[in-house]
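data.cif (mmCIF, C-alpha atoms)
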data_my_file
loop_
_atom_site.group_PDB
_atom_site.id
_atom_site.type_symbol
_atom_site.label_atom_id
_atom_site.label_comp_id
_atom_site.auth_asym_id
_atom_site.auth_seq_id
_atom_site.Cartn_x
_atom_site.Cartn_y
_atom_site.Cartn_z
ATOM 1 C CA PRO M 6 11.281 -9.390 55.427
ATOM 2 C CA LEU M 7 8.562 -6.856 56.141
ATOM 3 C CA TYR M 8 8.154 -8.335 59.615
ATOM 4 C CA THR M 9 9.797 -11.025 61.694
ATOM 5 C CA ASP M 10 9.674 -12.198 65.302
ATOM 6 C CA ASP M 11 10.415 -15.464 67.094
ATOM 7 C CA ASP M 12 7.302 -17.164 65.686
ATOM 8 C CA MET M 13 6.543 -15.842 62.194
ATOM 9 C CA LEU M 14 7.923 -13.949 59.247
ATOM 10 C CA VAL M 15 6.215 -11.906 56.493
ATOM 11 C CA THR M 16 7.925 -11.175 53.174
ATOM 12 C CA ASN M 17 7.109 -9.325 49.948
ATOM 13 C CA LYS M 18 7.749 -11.803 47.119
ATOM 14 C CA PRO M 19 8.732 -10.434 43.708
ATOM 15 C CA SER M 20 7.049 -11.755 40.581
ATOM 16 C CA GLY M 21 9.039 -14.530 38.913
ATOM 17 C CA VAL M 22 10.285 -16.081 42.171
ATOM 18 C CA LEU M 23 9.059 -19.487 43.343
ATOM 19 C CA THR M 24 7.511 -19.555 46.809
ATOM 20 C CA VAL M 25 8.751 -23.127 47.380
ATOM 21 C CA PRO M 26 11.440 -25.066 45.480
ATOM 22 C CA GLY M 27 9.237 -27.852 44.048
ATOM 23 C CA VAL M 28 10.344 -31.336 43.009
ATOM 24 C CA ASN M 29 13.461 -30.078 41.198
ATOM 25 C CA ASP M 30 14.709 -28.142 44.246
ATOM 26 C CA ASN M 31 14.812 -24.864 42.319
ATOM 27 C CA PRO M 32 15.869 -21.603 44.002
ATOM 28 C CA SER M 33 12.938 -20.248 45.997
ATOM 29 C CA LEU M 34 11.832 -17.730 48.591
ATOM 30 C CA LEU M 35 11.402 -20.530 51.145
ATOM 31 C CA THR M 36 15.013 -21.662 50.727
ATOM 32 C CA HIS M 37 16.299 -18.113 51.205
ATOM 33 C CA VAL M 38 14.092 -17.461 54.244
ATOM 34 C CA PHE M 39 15.010 -20.744 55.920
ATOM 35 C CA HIS M 40 18.768 -20.409 55.495
ATOM 36 C CA THR M 41 18.788 -16.721 56.407
ATOM 37 C CA TYR M 42 16.564 -16.908 59.485
ATOM 38 C CA ASN M 43 15.625 -20.339 60.811
ATOM 39 C CA ASN M 44 18.722 -22.325 59.896
ATOM 40 C CA ALA M 45 20.956 -19.748 61.554
ATOM 41 C CA ALA M 46 18.735 -19.760 64.640
ATOM 42 C CA THR M 47 18.884 -23.546 65.038
ATOM 43 C CA THR M 48 22.655 -23.816 64.516
ATOM 44 C CA THR M 49 23.633 -20.944 66.810
ATOM 45 C CA PRO M 50 23.054 -21.882 70.468
ATOM 46 C CA PRO M 51 21.146 -21.288 72.571
ATOM 47 C CA HIS M 52 18.048 -22.275 70.606
ATOM 48 C CA ARG M 53 14.723 -23.720 71.633
ATOM 49 C CA ASP M 54 14.011 -27.442 71.601
ATOM 50 C CA THR M 55 12.568 -28.377 68.195
ATOM 51 C CA ASP M 56 10.522 -31.197 69.754
ATOM 52 C CA THR M 57 8.358 -28.754 71.693
ATOM 53 C CA ASP M 58 5.539 -26.550 70.433
ATOM 54 C CA ASP M 59 7.636 -23.388 70.676
ATOM 55 C CA GLY M 60 10.717 -24.970 69.107
ATOM 56 C CA ILE M 61 12.262 -23.271 66.098
ATOM 57 C CA ILE M 62 11.460 -25.188 62.918
ATOM 58 C CA ASP M 63 14.624 -26.831 61.582
ATOM 59 C CA VAL M 64 13.193 -28.265 58.329
ATOM 60 C CA ALA M 65 12.416 -25.753 55.583
ATOM 61 C CA ASP M 66 9.191 -27.395 54.357
ATOM 62 C CA LYS M 67 7.633 -27.062 57.816
ATOM 63 C CA MET M 68 7.735 -23.264 57.538
ATOM 64 C CA ILE M 69 5.151 -23.247 54.713
ATOM 65 C CA VAL M 70 1.784 -21.763 55.656
ATOM 66 C CA HIS M 71 0.515 -20.775 52.199
ATOM 67 C CA ARG M 72 2.029 -19.924 48.843
ATOM 68 C CA LEU M 73 1.737 -17.659 45.811
ATOM 69 C CA ASP M 74 2.103 -18.601 42.141
ATOM 70 C CA MET M 75 5.555 -17.879 40.748
ATOM 71 C CA ASP M 76 4.225 -15.008 38.598
ATOM 72 C CA THR M 77 2.231 -13.429 41.446
ATOM 73 C CA SER M 78 3.977 -10.875 43.642
ATOM 74 C CA GLY M 79 3.168 -9.853 47.191
ATOM 75 C CA LEU M 80 2.801 -10.913 50.794
ATOM 76 C CA VAL M 81 3.856 -14.386 51.889
ATOM 77 C CA LEU M 82 3.720 -15.614 55.484
ATOM 78 C CA PHE M 83 6.063 -18.230 56.980
ATOM 79 C CA ALA M 84 5.994 -19.928 60.387
ATOM 80 C CA ARG M 85 9.180 -20.067 62.448
ATOM 81 C CA THR M 86 7.982 -22.339 65.265
ATOM 82 C CA THR M 87 5.899 -25.481 65.470
ATOM 83 C CA ARG M 88 3.260 -23.758 67.590
ATOM 84 C CA ALA M 89 2.963 -20.921 65.082
ATOM 85 C CA LEU M 90 2.641 -23.373 62.186
ATOM 86 C CA LYS M 91 -0.210 -25.266 63.863
ATOM 87 C CA ASN M 92 -2.074 -22.090 64.789
ATOM 88 C CA LEU M 93 -1.605 -20.446 61.395
ATOM 89 C CA HIS M 94 -2.811 -23.555 59.566
ATOM 90 C CA ALA M 95 -5.885 -23.546 61.806
ATOM 91 C CA ALA M 96 -6.465 -19.840 61.129
ATOM 92 C CA PHE M 97 -6.391 -20.366 57.360
ATOM 93 C CA ARG M 98 -8.617 -23.428 57.632
ATOM 94 C CA GLU M 99 -11.155 -21.517 59.723
ATOM 95 C CA HIS M 100 -11.060 -18.479 57.392
ATOM 96 C CA LYS M 101 -9.692 -16.175 60.079
ATOM 97 C CA VAL M 102 -7.003 -14.808 57.750
ATOM 98 C CA THR M 103 -8.028 -12.011 55.374
ATOM 99 C CA LYS M 104 -6.329 -11.476 52.036
ATOM 100 C CA SER M 105 -6.839 -9.078 49.167
ATOM 101 C CA TYR M 106 -5.063 -8.659 45.870
ATOM 102 C CA VAL M 107 -4.613 -5.879 43.328
ATOM 103 C CA ALA M 108 -4.802 -6.774 39.641
ATOM 104 C CA LEU M 109 -4.607 -4.941 36.354
ATOM 105 C CA VAL M 110 -6.954 -6.570 33.842
ATOM 106 C CA CYS M 111 -7.532 -6.131 30.136
ATOM 107 C CA GLY M 112 -10.356 -3.834 29.063
ATOM 108 C CA THR M 113 -12.924 -1.811 30.981
ATOM 109 C CA VAL M 114 -14.822 -3.481 33.807
ATOM 110 C CA TYR M 115 -18.106 -1.546 33.975
ATOM 111 C CA ASP M 116 -19.605 -3.009 37.155
ATOM 112 C CA GLU M 117 -18.173 -1.162 40.157
ATOM 113 C CA GLU M 118 -18.144 -4.340 42.248
ATOM 114 C CA GLY M 119 -19.487 -7.856 42.240
ATOM 115 C CA VAL M 120 -18.938 -11.532 42.956
ATOM 116 C CA ILE M 121 -17.625 -14.122 40.512
ATOM 117 C CA ASP M 122 -19.212 -17.433 41.493
ATOM 118 C CA LEU M 123 -17.872 -20.120 39.155
ATOM 119 C CA ALA M 124 -16.821 -23.621 40.194
ATOM 120 C CA LEU M 125 -13.313 -24.652 39.152
ATOM 121 C CA GLN M 126 -11.864 -27.983 38.087
ATOM 122 C CA ARG M 127 -8.524 -29.267 36.833
ATOM 123 C CA ASP M 128 -8.365 -28.773 33.057
ATOM 124 C CA HIS M 129 -8.095 -32.229 31.500
ATOM 125 C CA ALA M 130 -7.230 -30.713 28.109
ATOM 126 C CA HIS M 131 -4.523 -28.379 29.434
ATOM 127 C CA PRO M 132 -2.995 -29.990 32.515
ATOM 128 C CA PRO M 133 -1.952 -28.946 35.084
ATOM 129 C CA PHE M 134 -3.986 -25.753 34.636
ATOM 130 C CA MET M 135 -7.493 -24.989 35.897
ATOM 131 C CA ARG M 136 -10.760 -24.039 34.195
ATOM 132 C CA CYS M 137 -14.353 -23.186 35.006
ATOM 133 C CA ALA M 138 -16.455 -26.310 35.364
ATOM 134 C CA THR M 139 -19.417 -27.067 33.114
ATOM 135 C CA PRO M 140 -21.474 -30.287 32.870
ATOM 136 C CA ARG M 141 -19.729 -31.030 29.573
ATOM 137 C CA SER M 142 -16.202 -30.405 30.894
ATOM 138 C CA GLU M 143 -16.828 -32.560 33.941
ATOM 139 C CA GLU M 144 -18.099 -35.428 31.786
ATOM 140 C CA GLU M 145 -15.101 -35.118 29.453
ATOM 141 C CA ALA M 146 -12.759 -35.146 32.438
ATOM 142 C CA ARG M 147 -14.315 -38.378 33.719
ATOM 143 C CA GLU M 148 -13.713 -40.000 30.319
ATOM 144 C CA VAL M 149 -10.097 -38.817 30.202
ATOM 145 C CA VAL M 150 -9.391 -40.168 33.691
ATOM 146 C CA LYS M 151 -10.434 -43.684 32.624
ATOM 147 C CA GLY M 152 -7.561 -43.835 30.158
ATOM 148 C CA LEU M 153 -4.793 -42.496 32.385
ATOM 149 C CA GLN M 154 -2.041 -44.941 33.342
ATOM 150 C CA SER M 155 -0.373 -42.954 36.138
ATOM 151 C CA ALA M 156 -2.169 -43.458 39.453
ATOM 152 C CA GLY M 157 -0.935 -40.131 40.804
ATOM 153 C CA TYR M 158 -1.990 -38.234 37.698
ATOM 154 C CA ARG M 159 -5.327 -40.060 37.648
ATOM 155 C CA LYS M 160 -5.957 -38.991 41.258
ATOM 156 C CA LEU M 161 -5.126 -35.365 40.420
ATOM 157 C CA MET M 162 -7.377 -35.215 37.368
ATOM 158 C CA ALA M 163 -10.230 -37.106 39.037
ATOM 159 C CA LYS M 164 -10.809 -34.419 41.656
ATOM 160 C CA LYS M 165 -14.315 -33.040 41.423
ATOM 161 C CA ALA M 166 -15.075 -29.412 40.643
ATOM 162 C CA LYS M 167 -15.115 -27.155 43.701
ATOM 163 C CA GLU M 168 -17.249 -24.104 44.296
ATOM 164 C CA SER M 169 -15.161 -20.956 43.951
ATOM 165 C CA ARG M 170 -16.036 -17.347 44.698
ATOM 166 C CA THR M 171 -14.127 -14.106 44.208
ATOM 167 C CA ARG M 172 -15.246 -10.612 45.197
ATOM 168 C CA PHE M 173 -14.054 -7.771 42.997
ATOM 169 C CA LYS M 174 -14.128 -3.988 43.246
ATOM 170 C CA VAL M 175 -12.987 -1.427 40.685
ATOM 171 C CA LEU M 176 -10.151 0.722 42.031
ATOM 172 C CA GLY M 177 -9.612 2.663 38.827
ATOM 173 C CA ARG M 178 -9.934 2.647 35.068
ATOM 174 C CA GLU M 179 -6.620 3.330 33.371
ATOM 175 C CA ARG M 180 -4.799 3.216 30.060
ATOM 176 C CA LEU M 181 -1.552 1.599 28.986
ATOM 177 C CA ASP M 182 0.389 3.908 26.699
ATOM 178 C CA ARG M 183 1.246 2.348 23.344
ATOM 179 C CA GLY M 184 3.218 5.312 22.084
ATOM 180 C CA GLY M 185 2.292 7.488 19.124
ATOM 181 C CA GLY M 186 -0.603 8.960 21.038
ATOM 182 C CA SER M 187 -2.572 5.714 21.390
ATOM 183 C CA SER M 188 -3.310 3.655 24.473
ATOM 184 C CA CYS M 189 -5.173 0.562 25.684
ATOM 185 C CA GLU M 190 -7.948 0.377 28.267
ATOM 186 C CA VAL M 191 -7.218 -1.556 31.464
ATOM 187 C CA THR M 192 -8.947 -1.719 34.842
ATOM 188 C CA ARG M 193 -7.368 -1.855 38.284
ATOM 189 C CA LEU M 194 -9.275 -4.248 40.543
ATOM 190 C CA GLU M 195 -9.252 -5.271 44.160
ATOM 191 C CA LEU M 196 -9.775 -9.043 44.297
ATOM 192 C CA VAL M 197 -10.774 -10.875 47.455
ATOM 193 C CA PRO M 198 -10.714 -14.691 47.286
ATOM 194 C CA VAL M 199 -13.684 -15.958 49.297
ATOM 195 C CA THR M 200 -12.455 -19.475 48.559
ATOM 196 C CA GLY M 201 -8.830 -20.364 47.930
ATOM 197 C CA ARG M 202 -8.614 -22.578 44.849
ATOM 198 C CA THR M 203 -5.556 -23.027 42.658
ATOM 199 C CA HIS M 204 -5.246 -20.144 40.155
ATOM 200 C CA GLN M 205 -8.703 -18.968 41.210
ATOM 201 C CA LEU M 206 -8.233 -15.236 40.648
ATOM 202 C CA ARG M 207 -6.550 -15.750 37.292
ATOM 203 C CA VAL M 208 -9.220 -18.110 35.945
ATOM 204 C CA HIS M 209 -12.093 -15.989 37.276
ATOM 205 C CA CYS M 210 -10.739 -12.828 35.654
ATOM 206 C CA ALA M 211 -10.323 -14.642 32.343
ATOM 207 C CA ALA M 212 -13.844 -16.077 32.640
ATOM 208 C CA MET M 213 -15.347 -12.615 33.128
ATOM 209 C CA GLY M 214 -13.695 -11.577 29.867
ATOM 210 C CA HIS M 215 -10.937 -9.495 31.438
ATOM 211 C CA PRO M 216 -7.773 -11.599 31.781
ATOM 212 C CA ILE M 217 -5.008 -10.275 34.002
ATOM 213 C CA VAL M 218 -2.434 -8.241 32.088
ATOM 214 C CA ALA M 219 0.680 -10.333 31.267
ATOM 215 C CA ASP M 220 -0.816 -13.598 32.558
ATOM 216 C CA PRO M 221 1.322 -16.202 30.735
ATOM 217 C CA ALA M 222 -1.227 -18.985 31.240
ATOM 218 C CA TYR M 223 -4.769 -17.580 31.216
ATOM 219 C CA GLY M 224 -4.168 -14.510 29.072
ATOM 220 C CA LEU M 225 -4.177 -14.262 25.278
ATOM 221 C CA MET M 226 -1.909 -16.878 23.652
ATOM 222 C CA GLY M 227 -1.417 -18.462 27.079
ATOM 223 C CA GLU M 228 -0.781 -22.092 27.882
ATOM 224 C CA ALA M 229 -4.179 -22.684 29.484
ATOM 225 C CA ASN M 230 -7.713 -22.733 28.089
ATOM 226 C CA ALA M 231 -8.878 -19.307 26.886
ATOM 227 C CA ASN M 232 -11.794 -17.539 28.641
ATOM 228 C CA GLY M 233 -11.387 -19.708 31.724
ATOM 229 C CA GLY M 234 -12.585 -22.648 29.629
ATOM 230 C CA PHE M 235 -15.766 -21.094 28.214
ATOM 231 C CA GLU M 236 -16.401 -21.194 24.469
ATOM 232 C CA GLU M 237 -16.798 -17.952 22.519
ATOM 233 C CA HIS M 238 -20.560 -18.236 22.127
ATOM 234 C CA VAL M 239 -20.888 -18.610 25.895
ATOM 235 C CA MET M 240 -18.692 -15.546 26.437
ATOM 236 C CA ASP M 241 -20.908 -13.586 24.034
ATOM 237 C CA GLU M 242 -23.810 -14.331 26.357
ATOM 238 C CA ILE M 243 -22.236 -13.951 29.802
ATOM 239 C CA ALA M 244 -19.669 -11.214 29.071
ATOM 240 C CA PRO M 245 -20.818 -9.136 26.093
ATOM 241 C CA ARG M 246 -18.671 -6.157 27.145
ATOM 242 C CA ARG M 247 -15.503 -8.175 27.626
ATOM 243 C CA ALA M 248 -12.084 -7.087 26.395
ATOM 244 C CA SER M 249 -11.999 -7.582 22.624
ATOM 245 C CA LEU M 250 -9.484 -9.866 20.950
ATOM 246 C CA ASN M 251 -7.880 -6.875 19.211
ATOM 247 C CA LEU M 252 -7.498 -5.033 22.504
ATOM 248 C CA GLN M 253 -5.899 -8.068 24.117
ATOM 249 C CA LYS M 254 -3.496 -8.340 21.176
ATOM 250 C CA ASP M 255 -2.493 -4.695 21.565
ATOM 251 C CA ILE M 256 -1.951 -5.156 25.311
ATOM 252 C CA LEU M 257 0.126 -8.277 24.658
ATOM 253 C CA GLU M 258 2.386 -6.232 22.369
ATOM 254 C CA ILE M 259 2.899 -3.674 25.135
ATOM 255 C CA VAL M 260 3.648 -6.478 27.616
ATOM 256 C CA LYS M 261 6.325 -7.897 25.320
ATOM 257 C CA GLU M 262 7.856 -4.512 24.539
ATOM 258 C CA ARG M 263 8.104 -3.592 28.217
ATOM 259 C CA ASP M 264 8.899 -7.131 29.432
ATOM 260 C CA MET M 265 6.081 -6.735 31.960
ATOM 261 C CA CYS M 266 5.488 -9.197 34.794
ATOM 262 C CA MET M 267 2.005 -10.518 35.500
ATOM 263 C CA CYS M 268 -0.072 -7.771 37.116
ATOM 264 C CA LEU M 269 -1.382 -9.641 40.157
ATOM 265 C CA HIS M 270 -0.170 -8.645 43.624
ATOM 266 C CA ALA M 271 -1.061 -9.982 47.070
ATOM 267 C CA ALA M 272 -1.438 -6.569 48.649
ATOM 268 C CA GLU M 273 -3.091 -7.075 52.049
ATOM 269 C CA LEU M 274 -2.881 -9.715 54.754
ATOM 270 C CA GLY M 275 -4.718 -9.639 58.078
ATOM 271 C CA LEU M 276 -4.345 -12.228 60.841
ATOM 272 C CA ASP M 277 -4.173 -12.857 64.562
ATOM 273 C CA HIS M 278 -0.615 -13.399 65.763
ATOM 274 C CA PRO M 279 -0.281 -17.187 66.147
ATOM 275 C CA VAL M 280 1.020 -16.945 69.723
ATOM 276 C CA THR M 281 -0.002 -13.608 71.251
ATOM 277 C CA GLY M 282 -3.375 -13.347 69.490
ATOM 278 C CA GLU M 283 -2.742 -9.699 68.594
ATOM 279 C CA ARG M 284 -4.498 -8.652 65.379
ATOM 280 C CA MET M 285 -1.937 -7.770 62.711
ATOM 281 C CA PHE M 286 -2.311 -6.147 59.299
ATOM 282 C CA PHE M 287 0.212 -5.905 56.468
ATOM 283 C CA ARG M 288 0.037 -4.049 53.150
ATOM 284 C CA THR M 289 2.425 -3.622 50.227
ATOM 285 C CA GLU M 290 1.884 -1.698 47.007
ATOM 286 C CA PRO M 291 2.206 -3.399 43.603
ATOM 287 C CA ALA M 292 5.003 -2.514 41.196
ATOM 288 C CA PHE M 293 2.486 -1.957 38.378
#

Could I get this file's structure written as structure tokens?
Amino acid sequence: PLYTDDDMLVTNKPSGVLTVPGVNDNPSLLTHVFHTYNNAATTTPPHRDTDTDDGIIDVADKMIVHRLDMDTSGLVLFARTTRALKNLHAAFREHKVTKSYVALVCGTVYDEEGVIDLALQRDHAHPPFMRCATPRSEEEAREVVKGLQSAGYRKLMAKKAKESRTRFKVLGRERLDRGGGSSCEVTRLELVPVTGRTHQLRVHCAAMGHPIVADPAYGLMGEANANGGFEEHVMDEIAPRRASLNLQKDILEIVKERDMCMCLHAAELGLDHPVTGERMFFRTEPAF
């Protein structure tokens, strides 16, 4: 870990690693952290009473404070005690935790900074992925929900669109070398999620016409809806200087040749220590 004490632990997750094991109990960062740190602490006396607020957590799932997508790398925070878990959940809920990401996106982003303000909804046509909400997509989703047999799936898909905002700032305009003297334009962005929706940064980047490099879902030929769910004629209007289809194809070739991981990294995390109240700040650099 980058940092650990009696109450919390901060790690730097590689891309391609699950934060939590999921329903199939797959290998995950949580499993490793629990067995390496908390499980050892609770099985080696003396240890604190797990029924009290400062007791060491002895169930892996109770360490979870937040999570990153499997393909996203970067900072992940875990609680080690019940008191820390309660206080960290409250800090996230009250927006007292600051986070920023670094991303490499396709094409040239010309605006130096800005805010992407686009509501997100579950994509009824490409579940379980997300998309930008429009009046038409919300109406279609309501119709799809009527025909679903699974109560759990119906509940998931019936969730209303939620307002979603992301701040972005250009850190640099770069090129990916293709070999033979040619290269592809990419832009390095700082992304700050004002809200914290599922796949928010990935969908918002795609919707602004600059999908994240090597995004297997929201990038070119991905599993999710292209352009964050917007049709091409809408993209022509809202993002006329977006990354062209040919450019995205060239970047995809580079991604495959280099076996690149998705270029989204949780780079900065700021929070008050859940017990002492001391302000803490963590930063890691992306591998891309």

Would you give me, as CSV, each residue of range 30-114 of chain M having an atom within 12 Å of an atom of range 206-210 of chain M, along with its shortest atom pair and that distance in Å to one decimal, using only C-alpha atoms and sorting by chain and residue number?
residue,atom,partner,partner_atom,distance
M:Leu73,CA,M:Leu206,CA,11.5
M:Asp74,CA,M:Arg207,CA,10.3
M:Asp76,CA,M:Arg207,CA,10.9
M:Thr77,CA,M:Arg207,CA,10.0
M:Ser105,CA,M:Leu206,CA,10.6
M:Tyr106,CA,M:Leu206,CA,9.0
M:Val107,CA,M:Leu206,CA,10.4
M:Ala108,CA,M:Leu206,CA,9.2
M:Leu109,CA,M:Cys210,CA,10.0
M:Val110,CA,M:Cys210,CA,7.5
M:Cys111,CA,M:Cys210,CA,9.3
M:Gly112,CA,M:Cys210,CA,11.2
M:Val114,CA,M:Cys210,CA,10.4

Write out the residues from the selection above, keeping C-alpha atoms, as a CSV table (one decimal), in the coordinates of the input.
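Output saved as result.csv:
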chain,number,residue,atom,x,y,z
M,73,LEU,CA,1.7,-17.7,45.8
M,74,ASP,CA,2.1,-18.6,42.1
M,76,ASP,CA,4.2,-15.0,38.6
M,77,THR,CA,2.2,-13.4,41.4
M,105,SER,CA,-6.8,-9.1,49.2
M,106,TYR,CA,-5.1,-8.7,45.9
M,107,VAL,CA,-4.6,-5.9,43.3
M,108,ALA,CA,-4.8,-6.8,39.6
M,109,LEU,CA,-4.6,-4.9,36.4
M,110,VAL,CA,-7.0,-6.6,33.8
M,111,CYS,CA,-7.5,-6.1,30.1
M,112,GLY,CA,-10.4,-3.8,29.1
M,114,VAL,CA,-14.8,-3.5,33.8

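Using the PyMOL selection byres ((chain M and resi 253) around 10) on this structure selects Val110, Cys111, Gly112, Cys189, Glu190, Val191, His215, Pro216, Val218, Ala219, Gly224, Leu225, Met226, Ala248, Ser249, Leu250, Asn251, Leu252, Lys254, Asp255, Ile256, Leu257, Glu258 and Ile259 of chain M.
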
- Message: Just checking: using only C-alpha atoms, which residue out of M:His37, M:Arg202, M:Arg284, M:His131 ends up closest to Gly227 in chain M?
- Response: M:His131

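Those residues that approach Ala244 in chain M to within 7 Å, counting only C-alpha atoms, are M:Met213, M:Gly214, M:Met240; same-chain residues fewer than 4 positions away are not listed.
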
Export of the given selection (C-alpha atoms) as a CSV table (one decimal), in the coordinates of the input:
chain,number,residue,atom,x,y,z
M,213,MET,CA,-15.3,-12.6,33.1
M,214,GLY,CA,-13.7,-11.6,29.9
M,240,MET,CA,-18.7,-15.5,26.4

- Task: Quick one: everything within 12 Å of Asp128 in chain M, counting only C-alpha atoms, minus sequence neighbours fewer than 2 positions away in the same chain. Send it as an MDAnalysis selection string.
- Result: chainID M and resid 125:126 130:139 142:147 149:150 161:166 203:204 208 223 228:231 233:235

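Residues with any atom within 8 Å of range 23-35 of chain M, counting all atoms listed in the file and excluding same-chain neighbours fewer than 5 positions away, are Lys18, Ala65, Asp66, Met68, Ile69, Arg72, Leu73, Asp74 and Met75 of chain M.
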
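Each of M:Pro221, M:Gly201, M:Gly60, M:Gly79 was compared to Lys167 in chain M using all atoms listed in the file, and M:Gly201 turns out to be the nearest.
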
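The spacing separating CA of Val15 in chain M from CA of Asp264 in chain M amounts to 27.6 Å.
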
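Once the PyMOL selection byres ((chain M and resi 117) around 10) is applied to the depicted file, the selected set reads Val114, Tyr115, Asp116, Glu118, Gly119, Phe173, Lys174, Val175, Leu176, Gly177 and Leu194 of chain M.
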
May I have the selected residues written with C-alpha atoms, as a short mmCIF file (atom, residue, chain, number, x, y, z; two decimals), in the frame of the given file?
data_model
loop_
_atom_site.label_atom_id
_atom_site.label_comp_id
_atom_site.auth_asym_id
_atom_site.auth_seq_id
_atom_site.Cartn_x
_atom_site.Cartn_y
_atom_site.Cartn_z
CA VAL M 114 -14.82 -3.48 33.81
CA TYR M 115 -18.11 -1.55 33.98
CA ASP M 116 -19.60 -3.01 37.16
CA GLU M 118 -18.14 -4.34 42.25
CA GLY M 119 -19.49 -7.86 42.24
CA PHE M 173 -14.05 -7.77 43.00
CA LYS M 174 -14.13 -3.99 43.25
CA VAL M 175 -12.99 -1.43 40.68
CA LEU M 176 -10.15 0.72 42.03
CA GLY M 177 -9.61 2.66 38.83
CA LEU M 194 -9.28 -4.25 40.54
#

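The two atoms in question, CA of Arg246 in chain M and CA of Met265 in chain M, are spaced 25.2 Å apart.
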
- Task: With a distance cut-off of 6 Å and all atoms listed in the file, select the neighbouring residues of Pro279 in chain M, excluding the residue or stretch itself and same-chain residues fewer than 2 positions from it, and output the selection as a VMD selection string.
- Result: chain M and resid 89 92 to 93 282

File of the preceding selection, C-alpha atoms, as an mmCIF file, keeping the file's coordinate frame:
data_model
loop_
_atom_site.group_PDB
_atom_site.id
_atom_site.type_symbol
_atom_site.label_atom_id
_atom_site.label_comp_id
_atom_site.auth_asym_id
_atom_site.auth_seq_id
_atom_site.Cartn_x
_atom_site.Cartn_y
_atom_site.Cartn_z
ATOM 1 C CA ALA M 89 2.963 -20.921 65.082
ATOM 2 C CA ASN M 92 -2.074 -22.090 64.789
ATOM 3 C CA LEU M 93 -1.605 -20.446 61.395
ATOM 4 C CA GLY M 282 -3.375 -13.347 69.490
#

- Message: Running the PyMOL selection byres ((chain M and resi 121) around 6) on this model by hand, what would come out? Give it as a PyMOL selection string.
- Response: chain M and resi 120+122+170-171

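CA of Val199 in chain M is found 7.5 Å from CA of Ser169 in chain M.
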
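Among M:Thr113, M:Thr200, M:Thr9, M:Asn232, the residue with the shortest atom-to-atom distance to Arg178 in chain M, counting all atoms listed in the file, is M:Thr113.
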
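Each of M:Asp277, M:Glu290, M:Asp241, M:Asp11 was checked against Phe97 in chain M using only C-alpha atoms; the smallest atom-to-atom distance is that of M:Asp277.
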
- Query: Which of these residues is nearest to Ala212 in chain M, using all atoms listed in the file: M:Glu195, M:Thr87, M:Thr36, M:Glu236?
  - Reply: M:Glu236

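Of the listed residues (M:Lys104, M:Pro6, M:Pro140, M:Leu269), M:Lys104 comes nearest to Val197 in chain M; the distances count only C-alpha atoms.
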
Polymer residues at most 12 Å from Ala95 in chain M, only C-alpha atoms, same-chain spacing of 5 or more positions, as a JSON list (two decimals) with C-alpha atoms, in the frame of the given file:
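Output file selection_10.json follows:
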[["chain", "number", "residue", "atom", "x", "y", "z"],
["M", 70, "VAL", "CA", 1.78, -21.76, 55.66],
["M", 71, "HIS", "CA", 0.52, -20.78, 52.20],
["M", 88, "ARG", "CA", 3.26, -23.76, 67.59],
["M", 89, "ALA", "CA", 2.96, -20.92, 65.08],
["M", 90, "LEU", "CA", 2.64, -23.37, 62.19],
["M", 100, "HIS", "CA", -11.06, -18.48, 57.39],
["M", 101, "LYS", "CA", -9.69, -16.18, 60.08],
["M", 102, "VAL", "CA", -7.00, -14.81, 57.75],
["M", 276, "LEU", "CA", -4.34, -12.23, 60.84],
["M", 277, "ASP", "CA", -4.17, -12.86, 64.56],
["M", 279, "PRO", "CA", -0.28, -17.19, 66.15]]

- Message: The residues within 7 Å of (4.2, -5.6, 37.9), using all atoms listed in the file and the coordinates of the file, should be reported as an NGL selection string; which are they?
- Response: :M and (265-268 or 291-293)
